[in-house]
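Peer 1: One structure, as structure tokens, below. Some questions next.
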Amino acid sequence: MFEIRRVAKNFDGYDTLTDFSLTVPTGSFTVLIGPSGCGKSTLFRLLMGVLPRDGGSLVLDGIEVPDLRGRGAYMAQKDLLLPWRTLLENALLPVMVQRIPSEKDRQEAAELFDFLGLSGFGNHYPRQVSGGMAQRCALARTILFRAPLALLDEPLSAVDAITRHSLRSLLLSLQSRFGKTILMVTHDVDDALLLADRIVLLSPAPMRVTEVIELPVGKPRDESLHDLRHVKGHILSVLERGDGVPA
Amino acid sequence: MRRAAAPLAVTALFLLAWEVLCRWRGIPAYLLPAPSRIAAVLVREAPLLARHGLVTGAEILLGIALSLAVAVPLSILMFFSSSMERGLSPLLVASQAIPAFAAAPLLIVWFGYGMGSKVVMAAVIIFFPLAVTLLQGFKSCDPDLVTLFSAMGADFRTTFRLLYWPWALPYFFAGLRVSVSVATIGAVIGEWVGSQKGLGFLMMQGNARLRVDLVFAAIVVLSLVGLGLWHAVSLVERRTVRWRDETRR
């Protein structure tokens with residue numbers, strides 16, 4: 001279980017976060033959704049320790065940690081592949097940061113590439129492949145972090161509709177096959193409804209949790225979202241009203 | 001070949017016009033020698049030009065090496081520590097604001113009439129563009145990539161090796177390419193102020209004896225040295241940052 005306890009951040013006298021708390025159960029797929037500019041990306045940067053926070057604590061499996069450096073994988077809207085490295089080297093980057101990748105690491109990466117539909121592209125450079133393949137390579141890298149947690153910052157918002165469809169199922173496998181605890185941020189209600197076990201609605205800045213919606217429906221879910229249409233309507237009405245407070 | 005055709009034609013036309021002008025107006029060779037005469041001097045004085053060209057070439061190369069040896073660690077230091085940067089940038093800007101000519105006589109006093117003063121002159125004159133472009137390169141790194149490296153638990157050394165340095169390489173080469181041509185100026189200025197060898201020395205000697213054709217020949221050799229260095233840097237750049245040329249399929 002990962003707990004964010006009363007985290008605060010103030011930028012130049014402007015409160016982005018005050019007393020932000022959230023619990024992410026182990027093995028869950030938790031999706032944060034809220035108006036743009038509410039501070040979701042700031043939260044990730046605080047969790048990663050890139051930005052210093054003004055207060056609060058982080059607790060991972062009962063132990064307080066300074067930040068998620070080396071404990072949580074990070075995947076963003078951009079693929080963030082290094083253009084001077086091949087796809088395989090990019091996927092192995094989390095290993096490379098610690099040590100020289102062993103033959104076993106390379107083997108694991110190659111198997112991942114097969115699973116993700118990247119067979120034969122290991123020696124290609126990022127510029128030589130499509131955006132969807134680049135993002136799948138980023139997914140391979142996320143898995144090779146070998147961290148229990150994965151923080152996903154709008155991983156689907158920069159890809160086309162067809163790629164989005166296949167990436168969604170791969171993101172689900174991140175939870176089901178690779179056993180990650182996932183905290184994802186998105187603007188897209190459909191993504192949230194198709195992927196999440198729990199949807200966390202956020203208010204505009206200063207950001208706080210206004211509602212947690214549990215989705216006990218099995219996955220993969222029907223893309224028409226027929227069963228979840230009431231939930232979708234509810235989330236949209238809250239987001240459109242803009243204050244993040246459920247009726 | 002087709003790409004080379006246009007510049008070659010223009011150069012040929014320019015040289016032809018020059019030749020015609022000199023012969024038609026009967027311009028004396030001590031004012032403006034015709035290209036044919038310069039070519040003849042280039043051939044006749046080839047050993048002399050080569051000897052002095054090698055000296056100037058060595059001064060330029062050593063100057064670049066010296067400048068790199070100081071500029072690279074310094075820009076890394078300035079990138080690592082913002083107080084270092086704040087402390088050093090006024091000095092850097094000042095070093096650039098002082099005209100190189102003003103420092104040349106001093107450098108002769110300090111480092112002598114030999115190659116030393118010319119090497120330092122070349123190094124000083126290119127130091128600023130080298131240090132600043134490299135620092136700019138480090139700073140232009142994508143902050144999301146920095147977040148990624150942070151998430152991977154990478155320390156500064158690792159992040160520098162795997163991210164900042166390769167990221168800044170294109171900037172580094174841009175600075176280096178400007179530097180090699182400017183370093184040539186530095187070495188020649190140093191030679192003008194006081195020397196016994198080098199192309200700058202040869203030019204001063206030629207001028208004093210009204211051997212303007214020799215001055216022109218020295219300039220031709222100097223341009224060849226500069227051009228050669230420029231191409232050498234481009235070659236290394238293409239091999240090092242090859243990934244930039246790869247095209248999307």
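Chain labels follow the order of the structure tokens: the first chain is A, the next B, and so on; residue numbering restarts at 1 in every chain, and ligands are counted from 1 in their shown order.
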Residues of chain B near chain A: apply a cut-off of 12 Å, count only C-alpha atoms, and supply the list as number ranges by chain.

Peer 2: B: 141-170, 239-249

Peer 1: Find the residues near Phe20 of chain A: any atom within 12 Å, counting only C-alpha atoms, skip ones fewer than 4 places away on the same chain, and give them as number ranges by chain.

Peer 2: A: 3-9, 15-16, 39-40, 42-43, 46-47, 53-58, 202-203, 205-210

Peer 1: Take the residues from that selection and put them in a file with N, CA and C atoms, as a PDB file, in the first residue's frame.

Peer 2:
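Output (again-v5.pdb):
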```
ATOM      1  N   GLU A   3       0.864   5.341   0.577  1.00  0.00           N
ATOM      2  CA  GLU A   3       0.054   6.433   1.132  1.00  0.00           C
ATOM      3  C   GLU A   3       0.720   7.780   0.930  1.00  0.00           C
ATOM      4  N   ILE A   4      -0.070   8.719   0.445  1.00  0.00           N
ATOM      5  CA  ILE A   4       0.383  10.106   0.380  1.00  0.00           C
ATOM      6  C   ILE A   4      -0.309  10.821   1.543  1.00  0.00           C
ATOM      7  N   ARG A   5       0.483  11.354   2.478  1.00  0.00           N
ATOM      8  CA  ARG A   5      -0.124  11.935   3.685  1.00  0.00           C
ATOM      9  C   ARG A   5       0.102  13.434   3.759  1.00  0.00           C
ATOM     10  N   ARG A   6      -0.965  14.177   3.637  1.00  0.00           N
ATOM     11  CA  ARG A   6      -0.980  15.633   3.867  1.00  0.00           C
ATOM     12  C   ARG A   6       0.161  16.368   3.163  1.00  0.00           C
ATOM     13  N   VAL A   7       0.365  16.039   1.886  1.00  0.00           N
ATOM     14  CA  VAL A   7       1.435  16.680   1.124  1.00  0.00           C
ATOM     15  C   VAL A   7       1.008  18.085   0.707  1.00  0.00           C
ATOM     16  N   ALA A   8       1.930  19.039   0.826  1.00  0.00           N
ATOM     17  CA  ALA A   8       1.632  20.435   0.485  1.00  0.00           C
ATOM     18  C   ALA A   8       2.715  20.988  -0.435  1.00  0.00           C
ATOM     19  N   LYS A   9       2.299  21.899  -1.310  1.00  0.00           N
ATOM     20  CA  LYS A   9       3.268  22.600  -2.157  1.00  0.00           C
ATOM     21  C   LYS A   9       2.740  24.003  -2.457  1.00  0.00           C
ATOM     22  N   ASP A  15      -1.004  28.334  -3.428  1.00  0.00           N
ATOM     23  CA  ASP A  15      -1.091  26.946  -2.992  1.00  0.00           C
ATOM     24  C   ASP A  15      -1.524  26.035  -4.127  1.00  0.00           C
ATOM     25  N   THR A  16      -0.639  25.141  -4.543  1.00  0.00           N
ATOM     26  CA  THR A  16      -1.009  24.159  -5.555  1.00  0.00           C
ATOM     27  C   THR A  16      -1.616  22.949  -4.863  1.00  0.00           C
ATOM     28  N   GLY A  39      -2.926  20.565 -10.802  1.00  0.00           N
ATOM     29  CA  GLY A  39      -1.733  20.239 -10.018  1.00  0.00           C
ATOM     30  C   GLY A  39      -1.344  18.773 -10.057  1.00  0.00           C
ATOM     31  N   LYS A  40      -1.921  18.018 -11.030  1.00  0.00           N
ATOM     32  CA  LYS A  40      -1.632  16.583 -11.107  1.00  0.00           C
ATOM     33  C   LYS A  40      -0.170  16.327 -11.427  1.00  0.00           C
ATOM     34  N   THR A  42       2.281  18.393 -10.987  1.00  0.00           N
ATOM     35  CA  THR A  42       3.090  18.843  -9.847  1.00  0.00           C
ATOM     36  C   THR A  42       3.166  17.729  -8.808  1.00  0.00           C
ATOM     37  N   LEU A  43       2.041  17.064  -8.579  1.00  0.00           N
ATOM     38  CA  LEU A  43       2.010  15.971  -7.606  1.00  0.00           C
ATOM     39  C   LEU A  43       3.043  14.906  -7.976  1.00  0.00           C
ATOM     40  N   LEU A  46       6.484  16.013  -7.267  1.00  0.00           N
ATOM     41  CA  LEU A  46       6.732  15.962  -5.822  1.00  0.00           C
ATOM     42  C   LEU A  46       7.038  14.528  -5.391  1.00  0.00           C
ATOM     43  N   LEU A  47       6.237  13.586  -5.929  1.00  0.00           N
ATOM     44  CA  LEU A  47       6.430  12.190  -5.548  1.00  0.00           C
ATOM     45  C   LEU A  47       7.800  11.690  -6.000  1.00  0.00           C
ATOM     46  N   ARG A  53       8.902  19.149  -1.564  1.00  0.00           N
ATOM     47  CA  ARG A  53       7.553  19.468  -1.091  1.00  0.00           C
ATOM     48  C   ARG A  53       7.644  20.269   0.194  1.00  0.00           C
ATOM     49  N   ASP A  54       6.565  21.013   0.471  1.00  0.00           N
ATOM     50  CA  ASP A  54       6.591  21.908   1.629  1.00  0.00           C
ATOM     51  C   ASP A  54       6.097  21.223   2.895  1.00  0.00           C
ATOM     52  N   GLY A  55       5.586  20.015   2.759  1.00  0.00           N
ATOM     53  CA  GLY A  55       5.131  19.322   3.948  1.00  0.00           C
ATOM     54  C   GLY A  55       4.521  17.993   3.581  1.00  0.00           C
ATOM     55  N   GLY A  56       4.236  17.179   4.605  1.00  0.00           N
ATOM     56  CA  GLY A  56       3.607  15.892   4.370  1.00  0.00           C
ATOM     57  C   GLY A  56       4.618  14.778   4.244  1.00  0.00           C
ATOM     58  N   SER A  57       4.110  13.546   4.182  1.00  0.00           N
ATOM     59  CA  SER A  57       5.015  12.404   4.115  1.00  0.00           C
ATOM     60  C   SER A  57       4.482  11.347   3.154  1.00  0.00           C
ATOM     61  N   LEU A  58       5.378  10.480   2.738  1.00  0.00           N
ATOM     62  CA  LEU A  58       5.022   9.381   1.840  1.00  0.00           C
ATOM     63  C   LEU A  58       5.326   8.076   2.559  1.00  0.00           C
ATOM     64  N   LEU A 202     -10.565  14.984  -8.673  1.00  0.00           N
ATOM     65  CA  LEU A 202      -9.788  16.050  -8.041  1.00  0.00           C
ATOM     66  C   LEU A 202     -10.440  17.401  -8.262  1.00  0.00           C
ATOM     67  N   SER A 203     -10.195  18.296  -7.322  1.00  0.00           N
ATOM     68  CA  SER A 203     -10.719  19.658  -7.438  1.00  0.00           C
ATOM     69  C   SER A 203      -9.676  20.525  -8.119  1.00  0.00           C
ATOM     70  N   ALA A 205      -7.056  23.735  -8.295  1.00  0.00           N
ATOM     71  CA  ALA A 205      -6.071  24.107  -7.275  1.00  0.00           C
ATOM     72  C   ALA A 205      -6.678  25.040  -6.233  1.00  0.00           C
ATOM     73  N   PRO A 206      -6.321  24.914  -4.938  1.00  0.00           N
ATOM     74  CA  PRO A 206      -5.446  23.865  -4.401  1.00  0.00           C
ATOM     75  C   PRO A 206      -6.107  22.492  -4.486  1.00  0.00           C
ATOM     76  N   MET A 207      -5.375  21.555  -5.066  1.00  0.00           N
ATOM     77  CA  MET A 207      -5.939  20.259  -5.410  1.00  0.00           C
ATOM     78  C   MET A 207      -6.246  19.412  -4.180  1.00  0.00           C
ATOM     79  N   ARG A 208      -7.461  18.863  -4.170  1.00  0.00           N
ATOM     80  CA  ARG A 208      -7.743  17.852  -3.158  1.00  0.00           C
ATOM     81  C   ARG A 208      -8.652  16.790  -3.735  1.00  0.00           C
ATOM     82  N   VAL A 209      -8.776  15.688  -3.033  1.00  0.00           N
ATOM     83  CA  VAL A 209      -9.630  14.596  -3.502  1.00  0.00           C
ATOM     84  C   VAL A 209     -11.061  14.926  -3.144  1.00  0.00           C
ATOM     85  N   THR A 210     -11.952  14.941  -4.135  1.00  0.00           N
ATOM     86  CA  THR A 210     -13.346  15.245  -3.830  1.00  0.00           C
ATOM     87  C   THR A 210     -14.199  13.986  -3.782  1.00  0.00           C
TER      88      THR A 210
END
```

Peer 1: Sort by chain and increasing residue number a table of all residues of segment 171-215 of chain B within 10 Å of segment 66-88 of chain B, each with its closest pair of atoms and their distance in Å to one decimal, counting only C-alpha atoms, and write it as a tab-separated table.

Peer 2:
```
residue	atom	partner	partner_atom	distance
B:Phe172	CA	B:Val72	CA	9.3
B:Leu176	CA	B:Leu68	CA	9.0
B:Ser179	CA	B:Ser67	CA	9.7
B:Ala183	CA	B:Ser67	CA	9.8
```

Peer 1: Include C-alpha atoms and write out the residues we just selected as a PDB file, in the first residue's frame.

Peer 2:
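This is the output file part-v7.pdb:
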```pdb
ATOM      1  CA  PHE B 172      29.210  21.337 -28.141  1.00  0.00           C
ATOM      2  CA  LEU B 176      33.542  23.860 -31.627  1.00  0.00           C
ATOM      3  CA  SER B 179      35.752  28.001 -32.485  1.00  0.00           C
ATOM      4  CA  ALA B 183      41.044  30.138 -33.241  1.00  0.00           C
TER       5      ALA B 183
END
```

Peer 1: Write out as a list in words which residues come within 10 Å of Val120 of chain B when counting only C-alpha atoms, dropping same-chain ones fewer than 2 positions away.

Peer 2: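 Contacts, with the query itself left out: Glu59, Ile60, Leu62, Gly63, Ile64, Leu66, Ser67, Ala104, Leu107, Ile108, Phe111, Met115, Gly116, Ser117, Lys118, Ala122, Ala123, Val124, Ile125, Gly186, Ala187 and Gly190 of chain B.
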
Peer 1: Name the residues of segment 20-231 of chain A that fall into helix (DSSP H, G or I) according to DSSP on the backbone, using the chain letters and numbers of this document, as JSON, numbers by chain.

Peer 2: {"A": [40, 41, 42, 43, 44, 45, 46, 47, 87, 88, 89, 90, 91, 93, 94, 95, 96, 97, 98, 103, 104, 105, 106, 107, 108, 109, 110, 111, 112, 113, 114, 115, 126, 127, 128, 131, 132, 133, 134, 135, 136, 137, 138, 139, 140, 141, 142, 143, 144, 161, 162, 163, 164, 165, 166, 167, 168, 169, 170, 171, 172, 173, 174, 175, 176, 189, 190, 191, 192, 193, 194, 195, 229, 230, 231]}

Peer 1: Quick one, how far is atom CA of Leu87 of chain A from atom CA of Asp114 of chain A?

Peer 2: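 Computed distance, atom CA of Leu87 of chain A to atom CA of Asp114 of chain A, equals 12.8 Å.
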
Peer 1: Kindly give the distance, in Å, that separates atom CA of Val10 of chain B and atom CA of Ser223 of chain B, rounded to a single decimal.

Peer 2: 17.6 Å

Peer 1: Segment 201-211 of chain B: which residues within 9 Å, counting only C-alpha atoms, same-chain residues fewer than 5 positions away excluded, as a ChimeraX atom specification?

Peer 2: /B:29-31,49,52,188,191-196,216-219

Peer 1: From the DSSP assignment of the backbone, select every residue of segment 1-169 of chain A that is strand (DSSP E or B), and format the answer as a count of residues only.

Peer 2: 44

Peer 1: Out of A:Ala196, A:Ala110, A:Met1, A:Leu156, which residue has the shortest atom-to-atom distance to Gln175 of chain A when counting only C-alpha atoms?

Peer 2: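 Ranked by minimum distance to Gln175 of chain A, first place goes to A:Ala196.
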
Peer 1: Residues near segment 228-233 of chain B, anyone? I mean within 10 Å using only C-alpha atoms, not counting same-chain ones fewer than 3 positions away, as a list in words.

Peer 2: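 Selected residues are Gly57, Ile60, Leu61, Phe173, Ala174, Leu176, Arg177, Val178, Ser179, Val180, Ser181, Thr184, Leu222, Ser223, Leu224, Val225, Val236, Glu237, Arg238 and Arg239 of chain B.
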